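The structure appears below as structure tokens.
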Amino acid sequence: MLRSVSRCSGRQSLTKCTYTERIYAGRVTGRLASSVALEGQHVAYRTRGCQEVNAEDAGQTVRLAGWLSAERKISKKASFYSLRDASGIIQLIVRRSGEGGIEDPLSRMSRTPEESVVSVLGRVKLRPQSSKNANVSTGDVELEVEGFELLNAADELPFYPHDEHNLANEDLRAKYRYLDLRRPALANNIKMRSKVARAVRNVLHNNGKF
């Protein structure tokens, strides 16, 4: 399905977006990928899912897309973010470039609303042993961001699906079901239901019941 969203080039601030782009889902070399159509050209804004990045990718440049979490500042010149998509989550580290005349990704990301859909380009780095996270599959790595694009800015949300400690009540989550489906716990339930239904259909089909 096609939809239009605002887009900024790498050297524009978020307030200077003057054109739109159309986004669609496609497949590139067997991976689920997405592209943008801009002036007749298609450019992938995701080369793989967040959870597909691992220690073997250290040193490689990848482009990821997903929902951006709140900023976690390390210092005045660096911050951590989390990026989530349907496959999983990965940690981003963003540093100020210090290049005069060019707005760096950190300045732009700091102004981006939480839960906005973004695309980031960066180099995969191994985390120091002391900061590895065994609770997630991408806990051995982080992505050092070199480029950033805002694909779809989020409005003020009725609740934030990643905040499991302050989970909204069931009625509110049911009203905004599309937002609640960003929660890994609920998304995993839907995926499991799909797998079970597919297994049942396959058994019935193989036994001539369909």
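Going through the structure tokens in order, the chains are called A, B, and so on, while each chain numbers its residues from 1 and the ligands are numbered from 1 in the order shown.
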Give me the residues near segment 108-123 of chain A as an mmCIF file with N, CA and C atoms, in the first residue's frame, where near means some atom within 6 Å (using only C-alpha atoms) and where sequence neighbours in that chain fewer than 3 positions away do not count.
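As a result, selection11.cif now contains:
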```cif
data_model
loop_
_atom_site.group_PDB
_atom_site.id
_atom_site.type_symbol
_atom_site.label_atom_id
_atom_site.label_comp_id
_atom_site.auth_asym_id
_atom_site.auth_seq_id
_atom_site.Cartn_x
_atom_site.Cartn_y
_atom_site.Cartn_z
ATOM 1 N N TYR A 45 15.069 2.364 2.206
ATOM 2 C CA TYR A 45 15.295 2.994 3.505
ATOM 3 C C TYR A 45 15.485 1.953 4.595
ATOM 4 N N GLY A 59 31.430 -3.711 11.683
ATOM 5 C CA GLY A 59 32.178 -3.019 10.648
ATOM 6 C C GLY A 59 31.383 -2.737 9.390
ATOM 7 N N GLN A 60 30.230 -3.391 9.235
ATOM 8 C CA GLN A 60 29.411 -3.180 8.042
ATOM 9 C C GLN A 60 28.497 -1.969 8.214
ATOM 10 N N THR A 61 28.143 -1.363 7.091
ATOM 11 C CA THR A 61 27.189 -0.259 7.080
ATOM 12 C C THR A 61 25.821 -0.798 6.686
ATOM 13 N N VAL A 62 24.814 -0.513 7.481
ATOM 14 C CA VAL A 62 23.454 -0.984 7.211
ATOM 15 C C VAL A 62 22.483 0.180 7.358
ATOM 16 N N ARG A 63 21.327 0.028 6.767
ATOM 17 C CA ARG A 63 20.254 1.009 6.932
ATOM 18 C C ARG A 63 19.062 0.306 7.578
ATOM 19 N N LEU A 64 18.579 0.870 8.676
ATOM 20 C CA LEU A 64 17.453 0.299 9.408
ATOM 21 C C LEU A 64 16.326 1.321 9.483
ATOM 22 N N ALA A 65 15.126 0.837 9.709
ATOM 23 C CA ALA A 65 13.973 1.719 9.875
ATOM 24 C C ALA A 65 13.082 1.180 10.976
ATOM 25 N N GLY A 66 12.415 2.065 11.682
ATOM 26 C CA GLY A 66 11.522 1.626 12.746
ATOM 27 C C GLY A 66 11.045 2.787 13.585
ATOM 28 N N TRP A 67 10.567 2.461 14.778
ATOM 29 C CA TRP A 67 10.038 3.456 15.714
ATOM 30 C C TRP A 67 11.147 3.906 16.652
ATOM 31 N N LEU A 68 11.298 5.194 16.772
ATOM 32 C CA LEU A 68 12.383 5.765 17.568
ATOM 33 C C LEU A 68 11.942 5.964 19.010
ATOM 34 N N SER A 69 12.788 5.550 19.946
ATOM 35 C CA SER A 69 12.483 5.711 21.371
ATOM 36 C C SER A 69 12.947 7.072 21.851
ATOM 37 N N ALA A 70 12.729 7.334 23.135
ATOM 38 C CA ALA A 70 13.179 8.586 23.740
ATOM 39 C C ALA A 70 14.700 8.619 23.831
ATOM 40 N N PRO A 105 23.115 14.446 12.662
ATOM 41 C CA PRO A 105 21.945 13.623 12.981
ATOM 42 C C PRO A 105 21.450 13.785 14.412
ATOM 43 N N LEU A 143 24.472 0.355 16.753
ATOM 44 C CA LEU A 143 24.648 1.005 15.464
ATOM 45 C C LEU A 143 25.070 2.450 15.688
ATOM 46 N N GLU A 144 26.253 2.805 15.181
ATOM 47 C CA GLU A 144 26.725 4.183 15.264
ATOM 48 C C GLU A 144 26.160 4.945 14.065
ATOM 49 N N VAL A 145 25.250 5.865 14.351
ATOM 50 C CA VAL A 145 24.471 6.518 13.307
ATOM 51 C C VAL A 145 25.306 7.557 12.565
ATOM 52 N N GLU A 146 25.232 7.465 11.222
ATOM 53 C CA GLU A 146 25.915 8.419 10.359
ATOM 54 C C GLU A 146 24.937 9.258 9.542
ATOM 55 N N GLY A 147 23.725 8.731 9.334
ATOM 56 C CA GLY A 147 22.705 9.447 8.572
ATOM 57 C C GLY A 147 21.333 9.175 9.136
ATOM 58 N N PHE A 148 20.422 10.123 8.972
ATOM 59 C CA PHE A 148 19.100 10.032 9.587
ATOM 60 C C PHE A 148 18.060 10.652 8.666
ATOM 61 N N GLU A 149 16.907 9.986 8.560
ATOM 62 C CA GLU A 149 15.771 10.530 7.821
ATOM 63 C C GLU A 149 14.500 10.314 8.633
ATOM 64 N N LEU A 150 13.693 11.333 8.716
ATOM 65 C CA LEU A 150 12.377 11.220 9.331
ATOM 66 C C LEU A 150 11.386 10.804 8.261
ATOM 67 N N LEU A 151 10.774 9.645 8.430
ATOM 68 C CA LEU A 151 9.813 9.142 7.456
ATOM 69 C C LEU A 151 8.393 9.550 7.803
ATOM 70 N N ASN A 152 8.083 9.553 9.089
ATOM 71 C CA ASN A 152 6.724 9.912 9.508
ATOM 72 C C ASN A 152 6.766 10.355 10.960
ATOM 73 N N ALA A 153 6.544 11.640 11.201
ATOM 74 C CA ALA A 153 6.605 12.175 12.561
ATOM 75 C C ALA A 153 5.358 11.782 13.348
ATOM 76 N N ALA A 154 5.549 11.393 14.590
ATOM 77 C CA ALA A 154 4.431 10.998 15.453
ATOM 78 C C ALA A 154 3.797 12.222 16.098
#
```
### Message
Set the distance at 12 Å and use only C-alpha atoms: which residues neighbour Ile190 of chain A once local chain neighbours fewer than 6 positions away are removed? I'd like the list as a PyMOL selection string.
### Response
chain A and resi 86+180-184+196-197
Can you list, as a short mmCIF file (atom, residue, chain, number, x, y, z; two decimals) with all heavy atoms, in the first residue's frame, every residue of segment 43-209 of chain A that DSSP puts in strand (DSSP E or B)?
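Result written to part.cif:
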```
data_model
loop_
_atom_site.label_atom_id
_atom_site.label_comp_id
_atom_site.auth_asym_id
_atom_site.auth_seq_id
_atom_site.Cartn_x
_atom_site.Cartn_y
_atom_site.Cartn_z
N VAL A 43 14.83 4.37 -3.53
CA VAL A 43 15.98 4.22 -2.64
C VAL A 43 15.54 3.44 -1.40
O VAL A 43 14.59 3.82 -0.74
CB VAL A 43 16.54 5.59 -2.22
CG1 VAL A 43 17.75 5.40 -1.31
CG2 VAL A 43 16.91 6.42 -3.44
N ALA A 44 16.22 2.33 -1.10
CA ALA A 44 15.85 1.53 0.05
C ALA A 44 16.08 2.30 1.33
O ALA A 44 17.14 2.90 1.52
CB ALA A 44 16.66 0.23 0.09
N TYR A 45 15.07 2.36 2.21
CA TYR A 45 15.30 2.99 3.51
C TYR A 45 15.49 1.95 4.59
O TYR A 45 15.66 2.30 5.76
CB TYR A 45 14.18 3.99 3.86
CG TYR A 45 12.82 3.42 4.14
CD1 TYR A 45 12.53 2.76 5.33
CD2 TYR A 45 11.78 3.58 3.22
CE1 TYR A 45 11.28 2.27 5.59
CE2 TYR A 45 10.52 3.09 3.47
CZ TYR A 45 10.27 2.44 4.66
OH TYR A 45 9.02 1.94 4.92
N ARG A 46 15.48 0.67 4.19
CA ARG A 46 15.81 -0.40 5.14
C ARG A 46 16.42 -1.55 4.36
O ARG A 46 15.86 -2.00 3.37
CB ARG A 46 14.54 -0.86 5.87
CG ARG A 46 14.79 -2.01 6.82
CD ARG A 46 13.55 -2.37 7.62
NE ARG A 46 12.46 -2.77 6.76
CZ ARG A 46 11.20 -2.98 7.20
NH1 ARG A 46 10.92 -2.76 8.48
NH2 ARG A 46 10.26 -3.37 6.38
N THR A 61 28.14 -1.36 7.09
CA THR A 61 27.19 -0.26 7.08
C THR A 61 25.82 -0.80 6.69
O THR A 61 25.69 -1.49 5.66
CB THR A 61 27.63 0.84 6.10
OG1 THR A 61 28.88 1.38 6.52
CG2 THR A 61 26.60 1.96 6.04
N VAL A 62 24.81 -0.51 7.48
CA VAL A 62 23.45 -0.98 7.21
C VAL A 62 22.48 0.18 7.36
O VAL A 62 22.79 1.19 7.99
CB VAL A 62 23.04 -2.13 8.17
CG1 VAL A 62 23.95 -3.31 8.02
CG2 VAL A 62 23.01 -1.64 9.62
N ARG A 63 21.33 0.03 6.77
CA ARG A 63 20.25 1.01 6.93
C ARG A 63 19.06 0.31 7.58
O ARG A 63 18.62 -0.74 7.09
CB ARG A 63 19.84 1.62 5.59
CG ARG A 63 18.80 2.73 5.73
CD ARG A 63 18.46 3.35 4.38
NE ARG A 63 19.54 4.15 3.85
CZ ARG A 63 19.74 5.42 4.19
NH1 ARG A 63 18.96 6.01 5.08
NH2 ARG A 63 20.74 6.09 3.65
N LEU A 64 18.58 0.87 8.68
CA LEU A 64 17.45 0.30 9.41
C LEU A 64 16.33 1.32 9.48
O LEU A 64 16.55 2.53 9.36
CB LEU A 64 17.88 -0.09 10.82
CG LEU A 64 19.08 -1.03 10.96
CD1 LEU A 64 19.44 -1.21 12.43
CD2 LEU A 64 18.80 -2.37 10.30
N ALA A 65 15.13 0.84 9.71
CA ALA A 65 13.97 1.72 9.87
C ALA A 65 13.08 1.18 10.98
O ALA A 65 13.01 -0.03 11.19
CB ALA A 65 13.19 1.85 8.57
N GLY A 66 12.42 2.06 11.68
CA GLY A 66 11.52 1.63 12.75
C GLY A 66 11.05 2.79 13.59
O GLY A 66 11.10 3.95 13.17
N TRP A 67 10.57 2.46 14.78
CA TRP A 67 10.04 3.46 15.71
C TRP A 67 11.15 3.91 16.65
O TRP A 67 11.82 3.09 17.28
CB TRP A 67 8.88 2.85 16.52
CG TRP A 67 7.79 2.32 15.64
CD1 TRP A 67 7.02 3.01 14.77
CD2 TRP A 67 7.35 0.95 15.56
NE1 TRP A 67 6.13 2.18 14.14
CE2 TRP A 67 6.30 0.92 14.60
CE3 TRP A 67 7.73 -0.23 16.19
CZ2 TRP A 67 5.64 -0.26 14.28
CZ3 TRP A 67 7.09 -1.41 15.86
CH2 TRP A 67 6.04 -1.41 14.92
N LEU A 68 11.30 5.19 16.77
CA LEU A 68 12.38 5.76 17.57
C LEU A 68 11.94 5.96 19.01
O LEU A 68 10.87 6.50 19.28
CB LEU A 68 12.80 7.11 16.97
CG LEU A 68 14.07 7.74 17.54
CD1 LEU A 68 15.30 6.92 17.16
CD2 LEU A 68 14.22 9.18 17.04
N ARG A 72 18.38 9.04 25.32
CA ARG A 72 19.08 8.80 26.57
C ARG A 72 20.46 9.44 26.46
O ARG A 72 21.35 8.88 25.78
CB ARG A 72 19.20 7.30 26.88
CG ARG A 72 17.88 6.57 26.80
CD ARG A 72 17.93 5.16 27.36
NE ARG A 72 19.02 4.35 26.87
CZ ARG A 72 19.00 3.64 25.75
NH1 ARG A 72 17.94 3.69 24.95
NH2 ARG A 72 20.02 2.89 25.40
N LYS A 73 20.65 10.59 27.06
CA LYS A 73 21.89 11.34 26.87
C LYS A 73 23.04 10.72 27.64
O LYS A 73 22.91 10.36 28.80
CB LYS A 73 21.69 12.79 27.32
CG LYS A 73 20.82 13.61 26.38
CD LYS A 73 20.83 15.08 26.76
CE LYS A 73 20.03 15.90 25.76
NZ LYS A 73 20.07 17.35 26.06
N ILE A 74 24.19 10.61 26.96
CA ILE A 74 25.42 10.18 27.60
C ILE A 74 26.21 11.42 28.03
O ILE A 74 26.77 11.48 29.12
CB ILE A 74 26.30 9.36 26.64
CG1 ILE A 74 25.50 8.23 25.99
CG2 ILE A 74 27.53 8.81 27.35
CD1 ILE A 74 26.24 7.53 24.87
N SER A 75 26.26 12.39 27.14
CA SER A 75 26.97 13.64 27.38
C SER A 75 26.37 14.70 26.45
O SER A 75 25.36 14.44 25.78
CB SER A 75 28.46 13.47 27.09
OG SER A 75 28.67 13.21 25.71
N ALA A 78 26.87 13.15 22.80
CA ALA A 78 26.47 11.79 22.41
C ALA A 78 25.21 11.37 23.15
O ALA A 78 24.98 11.78 24.29
CB ALA A 78 27.59 10.80 22.67
N SER A 79 24.40 10.55 22.48
CA SER A 79 23.16 10.03 23.08
C SER A 79 22.91 8.62 22.58
O SER A 79 23.35 8.23 21.50
CB SER A 79 21.97 10.92 22.71
OG SER A 79 22.06 12.19 23.30
N PHE A 80 22.17 7.86 23.40
CA PHE A 80 21.67 6.55 23.00
C PHE A 80 20.19 6.69 22.63
O PHE A 80 19.46 7.51 23.20
CB PHE A 80 21.76 5.55 24.15
CG PHE A 80 23.14 5.02 24.41
CD1 PHE A 80 23.66 4.99 25.70
CD2 PHE A 80 23.92 4.52 23.38
CE1 PHE A 80 24.92 4.50 25.95
CE2 PHE A 80 25.19 4.02 23.62
CZ PHE A 80 25.69 4.01 24.91
N TYR A 81 19.76 5.88 21.67
CA TYR A 81 18.35 5.69 21.33
C TYR A 81 18.14 4.19 21.15
O TYR A 81 19.09 3.44 20.93
CB TYR A 81 17.98 6.39 20.02
CG TYR A 81 17.99 7.90 20.06
CD1 TYR A 81 19.16 8.60 19.85
CD2 TYR A 81 16.81 8.61 20.29
CE1 TYR A 81 19.16 9.99 19.87
CE2 TYR A 81 16.81 9.99 20.30
CZ TYR A 81 17.99 10.68 20.09
OH TYR A 81 18.00 12.05 20.11
N SER A 82 16.88 3.79 21.21
CA SER A 82 16.52 2.44 20.79
C SER A 82 15.66 2.55 19.54
O SER A 82 14.83 3.46 19.43
CB SER A 82 15.74 1.70 21.88
OG SER A 82 16.57 1.44 22.99
N LEU A 83 15.89 1.66 18.60
CA LEU A 83 15.09 1.61 17.38
C LEU A 83 14.40 0.25 17.33
O LEU A 83 15.04 -0.78 17.47
CB LEU A 83 15.98 1.79 16.15
CG LEU A 83 15.25 1.88 14.81
CD1 LEU A 83 14.48 3.20 14.70
CD2 LEU A 83 16.23 1.75 13.64
N ARG A 84 13.07 0.26 17.15
CA ARG A 84 12.29 -0.97 17.15
C ARG A 84 11.56 -1.11 15.82
O ARG A 84 11.10 -0.13 15.25
CB ARG A 84 11.24 -0.96 18.27
CG ARG A 84 11.79 -0.72 19.63
CD ARG A 84 10.75 -0.59 20.72
NE ARG A 84 9.38 -0.52 20.32
CZ ARG A 84 8.71 0.62 20.15
NH1 ARG A 84 9.31 1.79 20.30
NH2 ARG A 84 7.44 0.61 19.81
N ILE A 89 14.60 -5.11 18.35
CA ILE A 89 15.10 -3.82 18.82
C ILE A 89 16.63 -3.79 18.74
O ILE A 89 17.28 -4.83 18.86
CB ILE A 89 14.63 -3.58 20.28
CG1 ILE A 89 14.96 -2.16 20.75
CG2 ILE A 89 15.22 -4.61 21.23
CD1 ILE A 89 14.30 -1.81 22.08
N ILE A 90 17.17 -2.59 18.53
CA ILE A 90 18.63 -2.43 18.51
C ILE A 90 18.96 -1.07 19.11
O ILE A 90 18.17 -0.12 19.04
CB ILE A 90 19.19 -2.54 17.07
CG1 ILE A 90 20.72 -2.61 17.09
CG2 ILE A 90 18.70 -1.38 16.20
CD1 ILE A 90 21.33 -2.96 15.75
N GLN A 91 20.12 -0.98 19.72
CA GLN A 91 20.57 0.28 20.32
C GLN A 91 21.32 1.11 19.29
O GLN A 91 22.15 0.60 18.55
CB GLN A 91 21.48 0.01 21.52
CG GLN A 91 22.02 1.28 22.17
CD GLN A 91 22.73 1.00 23.47
OE1 GLN A 91 22.10 0.83 24.51
NE2 GLN A 91 24.06 0.95 23.43
N LEU A 92 21.00 2.41 19.27
CA LEU A 92 21.71 3.37 18.42
C LEU A 92 22.58 4.26 19.29
O LEU A 92 22.18 4.63 20.40
CB LEU A 92 20.72 4.26 17.66
CG LEU A 92 19.57 3.60 16.91
CD1 LEU A 92 18.69 4.67 16.28
CD2 LEU A 92 20.09 2.64 15.86
N ILE A 93 23.76 4.60 18.80
CA ILE A 93 24.57 5.61 19.45
C ILE A 93 24.79 6.72 18.43
O ILE A 93 25.15 6.46 17.28
CB ILE A 93 25.91 5.05 19.98
CG1 ILE A 93 26.69 6.17 20.66
CG2 ILE A 93 26.72 4.37 18.90
CD1 ILE A 93 27.88 5.69 21.49
N VAL A 94 24.52 7.96 18.85
CA VAL A 94 24.58 9.10 17.94
C VAL A 94 25.50 10.15 18.55
O VAL A 94 25.35 10.52 19.71
CB VAL A 94 23.18 9.70 17.71
CG1 VAL A 94 23.19 10.61 16.50
CG2 VAL A 94 22.13 8.61 17.53
N ARG A 95 26.44 10.62 17.74
CA ARG A 95 27.40 11.62 18.21
C ARG A 95 27.28 12.88 17.37
O ARG A 95 26.88 12.84 16.21
CB ARG A 95 28.83 11.08 18.10
CG ARG A 95 29.05 9.74 18.78
CD ARG A 95 30.49 9.29 18.64
NE ARG A 95 30.65 7.89 19.01
CZ ARG A 95 30.81 7.46 20.26
NH1 ARG A 95 30.81 8.34 21.25
NH2 ARG A 95 30.95 6.17 20.53
N VAL A 117 8.44 7.30 12.95
CA VAL A 117 9.06 6.31 12.07
C VAL A 117 10.25 6.97 11.38
O VAL A 117 10.11 8.01 10.73
CB VAL A 117 8.06 5.80 11.01
CG1 VAL A 117 8.71 4.75 10.12
CG2 VAL A 117 6.82 5.23 11.69
N VAL A 118 11.41 6.37 11.54
CA VAL A 118 12.65 6.96 11.01
C VAL A 118 13.47 5.92 10.28
O VAL A 118 13.26 4.71 10.43
CB VAL A 118 13.50 7.58 12.15
CG1 VAL A 118 12.70 8.59 12.94
CG2 VAL A 118 14.05 6.49 13.07
N SER A 119 14.40 6.40 9.47
CA SER A 119 15.39 5.55 8.81
C SER A 119 16.77 6.04 9.21
O SER A 119 17.02 7.25 9.20
CB SER A 119 15.22 5.62 7.29
OG SER A 119 16.26 4.91 6.63
N VAL A 120 17.64 5.12 9.61
CA VAL A 120 19.00 5.50 10.02
C VAL A 120 20.02 4.69 9.23
O VAL A 120 19.81 3.52 8.93
CB VAL A 120 19.23 5.31 11.53
CG1 VAL A 120 18.36 6.26 12.33
CG2 VAL A 120 18.98 3.87 11.95
N LEU A 121 21.11 5.34 8.90
CA LEU A 121 22.23 4.70 8.24
C LEU A 121 23.41 4.72 9.20
O LEU A 121 23.70 5.77 9.80
CB LEU A 121 22.60 5.45 6.96
CG LEU A 121 23.80 4.93 6.16
CD1 LEU A 121 23.45 3.60 5.49
CD2 LEU A 121 24.23 5.95 5.12
N GLY A 122 24.06 3.60 9.38
CA GLY A 122 25.17 3.59 10.33
C GLY A 122 26.05 2.36 10.22
O GLY A 122 25.77 1.43 9.46
N ARG A 123 27.11 2.38 11.02
CA ARG A 123 28.07 1.29 11.04
C ARG A 123 27.86 0.43 12.29
O ARG A 123 27.72 0.96 13.39
CB ARG A 123 29.50 1.84 11.01
CG ARG A 123 30.58 0.77 10.82
CD ARG A 123 31.95 1.42 10.68
NE ARG A 123 32.01 2.30 9.53
CZ ARG A 123 32.25 1.88 8.28
NH1 ARG A 123 32.45 0.59 8.05
NH2 ARG A 123 32.30 2.74 7.29
N VAL A 124 27.82 -0.87 12.11
CA VAL A 124 27.62 -1.81 13.22
C VAL A 124 28.91 -1.90 14.03
O VAL A 124 29.99 -2.10 13.47
CB VAL A 124 27.21 -3.19 12.70
CG1 VAL A 124 27.01 -4.16 13.87
CG2 VAL A 124 25.96 -3.11 11.85
N LYS A 125 28.78 -1.75 15.34
CA LYS A 125 29.93 -1.84 16.24
C LYS A 125 29.65 -2.85 17.34
O LYS A 125 28.51 -2.98 17.80
CB LYS A 125 30.21 -0.47 16.88
CG LYS A 125 30.64 0.61 15.92
CD LYS A 125 30.90 1.91 16.67
CE LYS A 125 31.98 1.73 17.73
NZ LYS A 125 32.27 3.01 18.44
N LEU A 126 30.69 -3.54 17.77
CA LEU A 126 30.56 -4.43 18.93
C LEU A 126 30.51 -3.59 20.20
O LEU A 126 31.27 -2.63 20.35
CB LEU A 126 31.75 -5.39 18.99
CG LEU A 126 31.84 -6.44 17.89
CD1 LEU A 126 33.13 -7.23 18.03
CD2 LEU A 126 30.64 -7.38 17.93
N VAL A 141 25.76 -5.80 19.99
CA VAL A 141 26.13 -4.77 19.02
C VAL A 141 25.33 -3.49 19.25
O VAL A 141 24.34 -3.46 19.98
CB VAL A 141 25.90 -5.25 17.57
CG1 VAL A 141 26.77 -6.44 17.25
CG2 VAL A 141 24.42 -5.59 17.34
N GLU A 142 25.77 -2.43 18.59
CA GLU A 142 25.03 -1.18 18.52
C GLU A 142 25.32 -0.56 17.16
O GLU A 142 26.29 -0.92 16.49
CB GLU A 142 25.43 -0.23 19.65
CG GLU A 142 26.89 0.15 19.67
CD GLU A 142 27.29 0.87 20.94
OE1 GLU A 142 26.49 0.93 21.90
OE2 GLU A 142 28.43 1.39 20.98
N LEU A 143 24.47 0.35 16.75
CA LEU A 143 24.65 1.00 15.46
C LEU A 143 25.07 2.45 15.69
O LEU A 143 24.35 3.22 16.33
CB LEU A 143 23.35 0.97 14.66
CG LEU A 143 23.46 1.43 13.21
CD1 LEU A 143 24.20 0.38 12.38
CD2 LEU A 143 22.09 1.71 12.61
N GLU A 144 26.25 2.80 15.18
CA GLU A 144 26.73 4.18 15.26
C GLU A 144 26.16 4.94 14.07
O GLU A 144 26.53 4.69 12.92
CB GLU A 144 28.24 4.25 15.27
CG GLU A 144 28.75 5.65 15.50
CD GLU A 144 30.22 5.69 15.91
OE1 GLU A 144 30.93 4.69 15.66
OE2 GLU A 144 30.65 6.70 16.48
N VAL A 145 25.25 5.86 14.35
CA VAL A 145 24.47 6.52 13.31
C VAL A 145 25.31 7.56 12.57
O VAL A 145 25.95 8.41 13.17
CB VAL A 145 23.21 7.18 13.91
CG1 VAL A 145 22.45 7.97 12.84
CG2 VAL A 145 22.30 6.10 14.51
N GLU A 146 25.23 7.47 11.22
CA GLU A 146 25.92 8.42 10.36
C GLU A 146 24.94 9.26 9.54
O GLU A 146 25.28 10.34 9.07
CB GLU A 146 26.87 7.68 9.42
CG GLU A 146 27.95 6.88 10.16
CD GLU A 146 28.73 5.97 9.24
OE1 GLU A 146 28.35 5.86 8.05
OE2 GLU A 146 29.72 5.37 9.70
N GLY A 147 23.72 8.73 9.33
CA GLY A 147 22.70 9.45 8.57
C GLY A 147 21.33 9.17 9.14
O GLY A 147 21.08 8.13 9.73
N PHE A 148 20.42 10.12 8.97
CA PHE A 148 19.10 10.03 9.59
C PHE A 148 18.06 10.65 8.67
O PHE A 148 18.29 11.71 8.06
CB PHE A 148 19.10 10.77 10.93
CG PHE A 148 17.74 11.00 11.52
CD1 PHE A 148 17.08 9.99 12.18
CD2 PHE A 148 17.13 12.24 11.40
CE1 PHE A 148 15.82 10.21 12.72
CE2 PHE A 148 15.87 12.46 11.93
CZ PHE A 148 15.22 11.44 12.59
N GLU A 149 16.91 9.99 8.56
CA GLU A 149 15.77 10.53 7.82
C GLU A 149 14.50 10.31 8.63
O GLU A 149 14.27 9.23 9.17
CB GLU A 149 15.62 9.86 6.47
CG GLU A 149 16.67 10.21 5.45
CD GLU A 149 16.35 9.60 4.10
OE1 GLU A 149 15.42 10.10 3.44
OE2 GLU A 149 17.01 8.63 3.73
N LEU A 150 13.69 11.33 8.72
CA LEU A 150 12.38 11.22 9.33
C LEU A 150 11.39 10.80 8.26
O LEU A 150 11.20 11.52 7.27
CB LEU A 150 11.96 12.58 9.93
CG LEU A 150 10.55 12.65 10.51
CD1 LEU A 150 10.42 11.73 11.72
CD2 LEU A 150 10.21 14.08 10.88
N LEU A 151 10.77 9.65 8.43
CA LEU A 151 9.81 9.14 7.46
C LEU A 151 8.39 9.55 7.80
O LEU A 151 7.59 9.85 6.93
CB LEU A 151 9.91 7.62 7.36
CG LEU A 151 11.25 7.05 6.90
CD1 LEU A 151 11.20 5.53 6.85
CD2 LEU A 151 11.66 7.62 5.55
N ASN A 152 8.08 9.55 9.09
CA ASN A 152 6.72 9.91 9.51
C ASN A 152 6.77 10.36 10.96
O ASN A 152 7.02 9.54 11.85
CB ASN A 152 5.78 8.72 9.33
CG ASN A 152 4.33 9.14 9.24
OD1 ASN A 152 4.01 10.30 9.46
ND2 ASN A 152 3.46 8.21 8.92
#
```
### Message
Report, in Å with one decimal, the straight-line distance from atom CA of Pro128 of chain A to atom CA of Gly88 of chain A.
### Response
20.9 Å
### Query
Where does DSSP see alpha helix (DSSP H) in segment 49-186 of chain A, if you list the residues as a ChimeraX atom specification?
/A:105-110,170-175,177-180,184-186
Writing out the chosen residues with C-alpha atoms as a PDB file, in the first residue's frame:
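The new file out-v3.pdb reads:
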```
ATOM      1  CA  PRO A 105      21.945  13.623  12.981  1.00  0.00           C
ATOM      2  CA  LEU A 106      21.924  14.074  16.770  1.00  0.00           C
ATOM      3  CA  SER A 107      20.511  17.603  16.552  1.00  0.00           C
ATOM      4  CA  ARG A 108      17.725  16.424  14.272  1.00  0.00           C
ATOM      5  CA  MET A 109      16.977  13.267  16.243  1.00  0.00           C
ATOM      6  CA  SER A 110      16.758  15.261  19.477  1.00  0.00           C
ATOM      7  CA  GLU A 170      -7.304  -2.267  28.371  1.00  0.00           C
ATOM      8  CA  ASP A 171     -10.075  -0.029  27.001  1.00  0.00           C
ATOM      9  CA  LEU A 172      -7.611   2.582  25.800  1.00  0.00           C
ATOM     10  CA  ARG A 173      -5.350  -0.059  24.264  1.00  0.00           C
ATOM     11  CA  ALA A 174      -8.342  -1.632  22.489  1.00  0.00           C
ATOM     12  CA  LYS A 175      -9.360   1.759  21.077  1.00  0.00           C
ATOM     13  CA  ARG A 177      -5.244  -1.321  18.726  1.00  0.00           C
ATOM     14  CA  TYR A 178      -2.876  -0.393  15.899  1.00  0.00           C
ATOM     15  CA  LEU A 179      -0.639   1.330  18.449  1.00  0.00           C
ATOM     16  CA  ASP A 180      -0.899  -1.466  21.001  1.00  0.00           C
ATOM     17  CA  PRO A 184       6.371  -7.040  21.588  1.00  0.00           C
ATOM     18  CA  ALA A 185       4.237  -9.139  23.968  1.00  0.00           C
ATOM     19  CA  LEU A 186       1.054  -8.577  21.969  1.00  0.00           C
TER      20      LEU A 186
END
```
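When atom CA of Asn54 of chain A is paired with atom CA of Thr138 of chain A, their separation reads 5.8 Å.
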### Selected residue, from A:Ser87, A:Glu52, A:Asp57, A:Asp104, that lies nearest to Lys191 of chain A when counting only C-alpha atoms
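The closest residue to Lys191 of chain A is A:Ser87.
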